[in-house]
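Undergrad: My file is target_35.cif. It has mmCIF, C-alpha atoms:
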data_coords
loop_
_atom_site.label_atom_id
_atom_site.label_comp_id
_atom_site.auth_asym_id
_atom_site.auth_seq_id
_atom_site.Cartn_x
_atom_site.Cartn_y
_atom_site.Cartn_z
CA MET A 1 82.74 -84.16 178.42
CA ASP A 2 80.93 -87.07 176.77
CA HIS A 3 83.04 -88.21 173.81
CA TYR A 4 79.91 -88.63 171.71
CA SER A 5 78.05 -85.51 172.85
CA PRO A 6 77.17 -82.79 170.33
CA VAL A 7 79.64 -80.41 172.03
CA ALA A 8 82.47 -82.94 171.77
CA ARG A 9 81.72 -83.62 168.11
CA ALA A 10 81.58 -79.89 167.39
CA THR A 11 84.88 -79.35 169.20
CA ARG A 12 86.59 -82.11 167.21
CA PHE A 13 85.22 -80.67 163.98
CA VAL A 14 86.60 -77.22 164.79
CA ILE A 15 90.00 -78.70 165.65
CA TYR A 16 90.10 -80.63 162.37
CA VAL A 17 89.14 -77.53 160.37
CA LEU A 18 91.81 -75.43 162.09
CA ALA A 19 94.41 -78.14 161.53
CA VAL A 20 93.77 -77.87 157.80
CA VAL A 21 93.03 -74.16 157.38
CA VAL A 22 95.76 -72.63 159.57
CA PRO A 23 98.77 -74.18 157.73
CA ILE A 24 97.24 -73.22 154.38
CA ALA A 25 96.65 -69.65 155.59
CA ILE A 26 100.22 -69.38 156.89
CA ALA A 27 101.61 -70.70 153.61
CA LEU A 28 99.55 -68.21 151.59
CA ALA A 29 100.63 -65.39 153.91
CA VAL A 30 104.30 -66.26 153.42
CA VAL A 31 103.91 -66.43 149.63
CA GLY A 32 101.87 -63.22 149.59
CA THR A 33 104.59 -61.27 151.43
CA THR A 34 107.59 -62.70 149.55
CA PRO A 35 108.00 -61.14 146.08
CA SER A 36 110.16 -63.94 144.69
CA LEU A 37 107.51 -66.51 145.63
CA LEU A 38 104.54 -64.37 144.65
CA GLU A 39 105.85 -64.09 141.09
CA LYS A 40 105.53 -67.89 140.75
CA VAL A 41 101.80 -67.78 141.50
CA PRO A 42 99.61 -67.92 138.36
CA ALA A 43 98.63 -64.39 137.31
CA GLU A 44 94.90 -65.00 137.78
CA HIS A 45 95.45 -65.84 141.48
CA ARG A 46 98.31 -63.45 142.28
CA ASP A 47 96.18 -60.53 143.50
CA THR A 48 94.21 -62.81 145.83
CA VAL A 49 97.36 -64.32 147.36
CA ALA A 50 98.94 -60.87 147.72
CA ALA A 51 95.81 -59.62 149.48
CA ILE A 52 95.97 -62.55 151.91
CA GLY A 53 99.62 -61.74 152.60
CA GLU A 54 98.86 -58.07 153.16
CA GLY A 55 96.04 -58.96 155.54
CA ALA A 56 98.32 -61.27 157.50
CA VAL A 57 100.94 -58.54 157.79
CA ARG A 58 98.36 -56.08 159.10
CA ILE A 59 97.09 -58.61 161.64
CA SER A 60 100.64 -59.40 162.77
CA GLY A 61 101.52 -55.72 163.12
CA GLY A 62 104.47 -56.23 160.80
CA ASN A 63 105.51 -54.60 157.56
CA GLY A 64 106.86 -56.23 154.43
CA GLY A 65 107.19 -59.80 155.72
CA ILE A 66 105.14 -61.63 158.29
CA PHE A 67 108.01 -63.57 159.87
CA ARG A 68 110.67 -60.85 159.79
CA SER A 69 112.46 -60.15 163.05
CA GLN A 70 111.42 -56.85 164.61
CA GLU A 71 115.03 -56.08 165.56
CA ALA A 72 115.73 -55.38 161.88
CA ASN A 73 112.90 -52.92 161.36
CA ALA A 74 114.99 -49.76 161.20
CA ALA A 75 112.74 -48.13 158.60
CA ASP A 76 109.93 -47.99 161.16
CA THR A 77 112.17 -47.28 164.15
CA THR A 78 112.99 -43.78 165.35
CA ILE A 79 116.76 -43.35 165.72
CA PRO A 80 117.11 -40.93 168.68
CA GLY A 81 118.86 -37.75 167.63
CA ALA A 82 119.23 -38.82 163.99
CA PRO A 83 118.34 -36.30 161.25
CA ARG A 84 115.86 -37.48 158.65
CA PRO A 85 117.20 -37.94 155.09
CA LEU A 86 115.35 -36.07 152.40
CA HIS A 87 112.55 -38.05 150.77
CA GLY A 88 111.88 -37.88 147.07
CA GLU A 89 114.24 -37.57 144.13
CA TRP A 90 117.90 -38.34 144.75
CA SER A 91 119.85 -35.61 146.53
CA PRO A 92 123.47 -35.48 147.76
CA ARG A 93 124.21 -36.13 151.43
CA ARG A 94 127.17 -35.05 153.54
CA LEU A 95 128.55 -37.03 156.47
CA GLU A 96 128.55 -33.97 158.71
CA ASP A 97 124.78 -33.68 158.26
CA TYR A 98 124.32 -37.09 159.95
CA PRO A 99 126.12 -37.06 163.30
CA PRO A 100 125.72 -40.35 165.15
CA PRO A 101 123.33 -40.47 168.10
CA ALA A 102 124.63 -40.97 171.62
CA GLY A 103 126.28 -44.35 172.08
CA LEU A 104 127.54 -44.75 168.51
CA VAL A 105 131.02 -43.88 167.21
CA ALA A 106 131.68 -43.44 163.50
CA GLY A 107 134.44 -45.77 162.31
CA VAL A 108 133.82 -48.09 165.24
CA ASP A 109 130.13 -49.01 165.28
CA TYR A 110 129.52 -48.20 161.63
CA SER A 111 131.22 -46.75 158.54
CA LEU A 112 129.87 -45.38 155.28
CA GLU A 113 131.16 -45.31 151.72
CA VAL A 114 132.10 -41.76 150.72
CA SER A 115 132.64 -40.55 147.15
CA GLU A 116 135.90 -38.94 146.07
CA ASP A 117 134.25 -35.53 146.31
CA GLY A 118 133.16 -36.13 149.91
CA TYR A 119 129.51 -37.21 149.66
CA VAL A 120 127.75 -40.19 151.26
CA ALA A 121 127.24 -42.90 148.65
CA HIS A 122 123.57 -43.91 148.35
CA TRP A 123 121.01 -45.21 145.86
CA PRO A 124 118.05 -43.20 144.52
CA CYS A 125 114.83 -43.73 146.43
CA ASP A 126 112.10 -43.35 143.81
CA HIS A 127 112.97 -46.17 141.43
CA GLU A 128 112.89 -49.91 142.05
CA ILE A 129 116.31 -51.51 142.51
CA PRO A 130 116.11 -55.03 141.04
CA VAL A 131 118.32 -57.68 142.63
CA ARG A 132 119.17 -60.74 140.54
CA SER A 133 121.23 -63.86 141.23
CA PHE A 134 123.72 -65.58 138.93
CA ASP A 135 124.91 -69.20 139.18
CA ALA A 136 123.17 -69.62 142.53
CA PRO A 137 123.73 -73.03 144.17
CA PRO A 138 120.74 -75.14 145.25
CA GLY A 139 119.11 -73.91 148.44
CA SER A 140 120.54 -70.38 148.29
CA GLU A 141 117.55 -68.51 146.82
CA ALA A 142 115.54 -68.41 150.04
CA ASP A 143 118.41 -66.90 152.05
CA LEU A 144 119.14 -64.32 149.37
CA ALA A 145 115.47 -63.34 149.24
CA TRP A 146 115.47 -63.07 153.05
CA ALA A 147 118.55 -60.83 153.01
CA VAL A 148 117.16 -58.55 150.28
CA GLU A 149 113.82 -58.17 152.03
CA THR A 150 115.44 -57.60 155.44
CA LEU A 151 117.65 -54.91 153.94
CA ALA A 152 114.76 -53.28 152.04
CA PHE A 153 112.58 -53.23 155.14
CA ALA A 154 115.33 -51.93 157.42
CA SER A 155 116.47 -49.15 155.07
CA GLY A 156 113.39 -48.25 153.07
CA LEU A 157 115.41 -48.75 149.88
CA PRO A 158 113.20 -49.97 147.01
CA LEU A 159 115.07 -53.27 146.63
CA ARG A 160 113.26 -56.20 145.05
CA TYR A 161 114.56 -59.69 144.51
CA LEU A 162 113.65 -60.91 141.02
CA GLY A 163 115.33 -64.30 141.05
CA PRO A 164 117.94 -65.57 138.56
CA GLY A 165 119.11 -63.13 135.91
CA THR A 166 120.30 -63.58 132.34
CA GLU A 167 123.69 -62.56 130.97
CA SER A 168 122.16 -59.33 129.65
CA ASP A 169 121.11 -58.50 133.23
CA ARG A 170 124.55 -59.01 134.74
CA GLU A 171 126.03 -55.74 136.06
CA ALA A 172 123.07 -53.82 134.61
CA GLU A 173 122.81 -50.14 135.44
CA GLY A 174 120.28 -49.38 138.16
CA ALA A 175 120.43 -52.96 139.47
CA LEU A 176 122.25 -55.10 141.99
CA SER A 177 123.82 -58.38 140.85
CA VAL A 178 124.66 -61.27 143.19
CA THR A 179 127.05 -63.83 141.69
CA TYR A 180 128.04 -67.15 143.25
CA GLY A 181 131.50 -67.94 141.96
CA ASP A 182 135.17 -67.03 141.90
CA HIS A 183 136.75 -63.63 142.58
CA PRO A 184 140.42 -62.51 142.69
CA GLU A 185 140.08 -61.60 146.38
CA PHE A 186 139.25 -65.23 147.21
CA HIS A 187 142.64 -66.53 146.08
CA GLY A 188 144.89 -67.47 148.98
CA THR A 189 142.64 -65.78 151.55
CA ASP A 190 139.77 -66.65 153.86
CA VAL A 191 137.52 -64.01 152.26
CA ALA A 192 134.04 -65.49 151.84
CA GLY A 193 132.40 -62.70 149.87
CA VAL A 194 132.91 -59.27 148.36
CA GLY A 195 130.43 -56.54 147.60
CA GLY A 196 130.27 -52.89 146.73
CA PRO A 197 128.66 -50.15 144.65
CA THR A 198 129.75 -48.18 141.63
CA VAL A 199 129.78 -44.61 142.96
CA TRP A 200 129.34 -41.59 140.70
CA PRO A 201 130.20 -37.98 141.64
CA ARG A 202 128.29 -36.55 144.60
CA GLY A 203 127.70 -40.06 145.91
CA LEU A 204 125.17 -41.36 143.38
CA ILE A 205 125.02 -45.18 143.25
CA MET A 206 123.62 -46.65 140.05
CA ARG A 207 125.02 -50.19 140.18
CA GLY A 208 125.93 -52.70 142.85
CA SER A 209 127.54 -56.11 142.80
CA VAL A 210 128.15 -58.97 145.22
CA THR A 211 130.19 -62.15 144.74
CA LEU A 212 129.85 -65.03 147.20
CA ARG A 213 132.01 -68.13 147.42
CA PRO A 214 129.72 -71.11 146.68
CA ASP A 215 131.50 -73.27 149.28
CA GLN A 216 130.46 -70.75 151.95
CA ILE A 217 126.75 -71.13 151.18
CA GLY A 218 124.81 -73.68 153.19
CA PRO A 219 122.63 -76.15 151.25
CA VAL A 220 119.73 -75.78 153.70
CA PRO A 221 117.82 -72.46 153.80
CA GLY A 222 118.02 -70.59 157.10
CA ASP A 223 121.69 -71.30 157.83
CA PRO A 224 122.89 -68.39 160.07
CA TRP A 225 126.32 -68.10 158.43
CA THR A 226 124.83 -67.98 154.93
CA ARG A 227 122.32 -65.34 155.97
CA SER A 228 124.88 -63.22 157.83
CA LEU A 229 127.37 -63.36 154.94
CA THR A 230 124.74 -62.55 152.31
CA LEU A 231 123.31 -59.65 154.29
CA HIS A 232 126.81 -58.29 155.02
CA GLU A 233 127.82 -58.19 151.35
CA LEU A 234 124.49 -56.68 150.27
CA MET A 235 125.04 -53.91 152.82
CA HIS A 236 128.39 -53.19 151.16
CA ALA A 237 126.52 -52.85 147.86
CA VAL A 238 124.24 -50.14 149.29
CA GLY A 239 127.14 -48.05 150.58
CA ILE A 240 128.01 -49.35 154.06
CA THR A 241 131.55 -50.33 155.02
CA HIS A 242 133.03 -52.17 157.99
CA ALA A 243 132.52 -51.72 161.69
CA VAL A 244 135.24 -52.93 164.07
CA PRO A 245 136.07 -56.67 164.05
CA TYR A 246 134.04 -59.05 166.21
CA GLY A 247 131.53 -56.37 167.19
CA PRO A 248 127.75 -56.81 167.56
CA GLU A 249 127.07 -55.62 164.01
CA VAL A 250 126.34 -57.51 160.81
CA MET A 251 128.96 -55.21 159.25
CA ALA A 252 131.75 -56.19 161.67
CA GLU A 253 135.00 -56.58 159.71
CA ARG A 254 135.44 -60.01 161.28
CA PRO A 255 132.29 -61.87 162.30
CA ALA A 256 131.64 -62.84 165.89
CA TYR A 257 130.37 -66.26 166.89
CA PRO A 258 127.60 -67.15 166.44
CA PRO A 259 127.14 -65.25 163.14
CA GLN A 260 125.15 -62.04 163.51
CA VAL A 261 121.83 -62.14 161.66
CA LEU A 262 120.08 -59.32 163.56
CA LEU A 263 121.03 -55.78 162.66
CA GLY A 264 122.99 -53.99 165.37
CA TYR A 265 122.44 -50.37 166.41
CA GLY A 266 125.34 -49.22 164.21
CA ASP A 267 123.96 -51.21 161.25
CA ARG A 268 120.56 -49.60 161.67
CA PHE A 269 121.94 -46.07 161.87
CA ALA A 270 124.08 -46.63 158.76
CA LEU A 271 121.03 -47.92 156.88
CA HIS A 272 119.10 -44.88 158.09
CA VAL A 273 121.72 -42.57 156.54
CA VAL A 274 121.88 -44.34 153.15
CA GLY A 275 118.22 -45.36 153.09
CA CYS A 276 114.89 -43.94 152.08
CA PRO A 277 112.47 -42.83 154.80
CA GLY A 278 108.76 -42.93 154.32
CA PRO A 279 106.79 -39.75 153.61
CA PRO A 280 106.73 -37.31 156.54
CA THR A 281 103.80 -37.82 158.90
CA GLY A 282 101.92 -35.54 161.23
#
Starting from the file, give its structure as structure tokens.
TA:
Amino acid sequence: MDHYSPVARATRFVIYVLAVVVPIAIALAVVGTTPSLLEKVPAEHRDTVAAIGEGAVRISGGNGGIFRSQEANAADTTIPGAPRPLHGEWSPRRLEDYPPPAGLVAGVDYSLEVSEDGYVAHWPCDHEIPVRSFDAPPGSEADLAWAVETLAFASGLPLRYLGPGTESDREAEGALSVTYGDHPEFHGTDVAGVGGPTVWPRGLIMRGSVTLRPDQIGPVPGDPWTRSLTLHELMHAVGITHAVPYGPEVMAERPAYPPQVLLGYGDRFALHVVGCPGPPTG
């Protein structure tokens, strides 16, 4: 091809345009599908950016985050043999109503928080569950937002990361608080984080809390250990307890190496039981 021909000039022009437009489009798509980033967009442009993000998600075939790993998409994945939780207002759930599918063993591959009166602990489905951070170290916000969005997408729970909270927000009812700081369980142990819900009779969760050791949080977003730890403790806060140590689950009592950042089959079934399915189809 002649370097100075009309076709060559047109080709170079197209390449230059794509080199500029594609990164901008990707950046807008990321912002448009990440609530914590979208809130920082000026109000007059927010709907436009959100629409770009939604369009990118539709084109990518994803749901709720254009770069989210498909292995975590339990909310849109059929669990063979698993009963479907009731959709709508909160209702009590019994463990015996959710037998594990073939290949999973309760207490080995997954475990669930159970109330004193024998019900599965779980959050309501029809009200937003705000997640706020407290005393977060630099670089941690992106990994927390990733963990919240991964968990929301995998479970269907209406979790939404709102960024840093104020003292009046700390331990608020109907919300989940993530604190970076000290905790009695950190003293003299190798515990890197703790998390759990406040469970009312019949398994109703109306508050959740997580505490993470700041020295266990990587300064650069995307660190696998930071992501695995954060996701693990958030899963505690929605009613999931430990699988066996060193197993292929995020909820393993002791983590394997390298740290697990993709939800295992037991993780996904547990999130199915405590989560919120979409409206029935068909």
Undergrad: Near segment 155-167 of chain A, within 8 Å and counting all atoms listed in the file, which residues show up once chain neighbours fewer than 3 positions away are dropped, as a PyMOL selection string?
TA: chain A and resi 35-36+74-75+123+125-136+141+145+148-149+151-152+170+268+271-272+274-278
Undergrad: Atom CA of Pro137 of chain A and atom CA of Thr211 of chain A are how many Å apart?
TA: 12.7 Å
Undergrad: Each residue of segment 184-246 of chain A with at least one atom at most 12 Å from segment 93-109 of chain A should appear once, together with its nearest atom pair and the corresponding distance in Å (one decimal); atoms considered: only C-alpha atoms; ordering: chain, then increasing residue number; output as a Markdown table.
TA:
| residue | atom | partner | partner_atom | distance |
| --- | --- | --- | --- | --- |
| A:Pro201 | CA | A:Arg93 | CA | 11.6 |
| A:Arg202 | CA | A:Arg93 | CA | 8.0 |
| A:Gly203 | CA | A:Arg93 | CA | 7.6 |
| A:Leu204 | CA | A:Arg93 | CA | 9.6 |
| A:Ile240 | CA | A:Gly107 | CA | 11.1 |
| A:Thr241 | CA | A:Gly107 | CA | 9.1 |
| A:His242 | CA | A:Gly107 | CA | 7.8 |
| A:Ala243 | CA | A:Asp109 | CA | 5.1 |
| A:Val244 | CA | A:Val108 | CA | 5.2 |
| A:Pro245 | CA | A:Val108 | CA | 8.9 |
| A:Tyr246 | CA | A:Asp109 | CA | 10.8 |
Undergrad: Kindly resolve the PyMOL selection byres ((chain A and resi 264) around 9) on the present coordinates and return the residues as a list in words.
TA: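 On the file shown, the PyMOL selection byres ((chain A and resi 264) around 9) covers Glu71, Ala72, Asp109, Pro248, Glu249, Val250, Met251, Gln260, Leu262, Leu263, Tyr265, Gly266, Asp267, Arg268 and Phe269 of chain A.
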Undergrad: Just to confirm, what's the straight-line distance from atom CA of Thr179 of chain A to atom CA of Gly239 of chain A in Å (one decimal)?
TA: 18.1 Å
Undergrad: For the provided coordinates, the residues matched by the PyMOL selection byres ((chain A and resi 223) around 12) should be stated as JSON, numbers by chain.
TA: {"A": [139, 140, 142, 143, 144, 146, 147, 216, 217, 218, 219, 220, 221, 222, 224, 225, 226, 227, 228, 229, 230, 258, 259, 260, 261]}
Undergrad: Please indicate the distance in Å from atom CA of Val199 of chain A to atom CA of Leu231 of chain A, rounded to one decimal place.
TA: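 The value is 19.9 Å.
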Undergrad: Pick the closest to Tyr119 of chain A from A:Leu176, A:His236, A:Ile205, A:Tyr257: which is it, counting only C-alpha atoms?
TA: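 Result for the nearest residue to Tyr119 of chain A: A:Ile205.
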Undergrad: Identify which of the residues A:Glu233, A:Val194, A:Pro92, A:Pro214 lies closest to Asp117 of chain A, counting all atoms listed in the file when measuring atom-to-atom distances.
TA: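 Residue with the minimum atom-to-atom distance to Asp117 of chain A: A:Pro92.
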Undergrad: Give me the result of the PyMOL selection byres ((chain A and resi 182) around 9) on this file, residue by residue, as a short mmCIF file (atom, residue, chain, number, x, y, z; two decimals) with C-alpha atoms, in the coordinates of the input.
TA:
data_model
loop_
_atom_site.label_atom_id
_atom_site.label_comp_id
_atom_site.auth_asym_id
_atom_site.auth_seq_id
_atom_site.Cartn_x
_atom_site.Cartn_y
_atom_site.Cartn_z
CA THR A 179 127.05 -63.83 141.69
CA TYR A 180 128.04 -67.15 143.25
CA GLY A 181 131.50 -67.94 141.96
CA HIS A 183 136.75 -63.63 142.58
CA PRO A 184 140.42 -62.51 142.69
CA GLU A 185 140.08 -61.60 146.38
CA PHE A 186 139.25 -65.23 147.21
CA HIS A 187 142.64 -66.53 146.08
CA THR A 211 130.19 -62.15 144.74
CA LEU A 212 129.85 -65.03 147.20
CA ARG A 213 132.01 -68.13 147.42
CA PRO A 214 129.72 -71.11 146.68
#
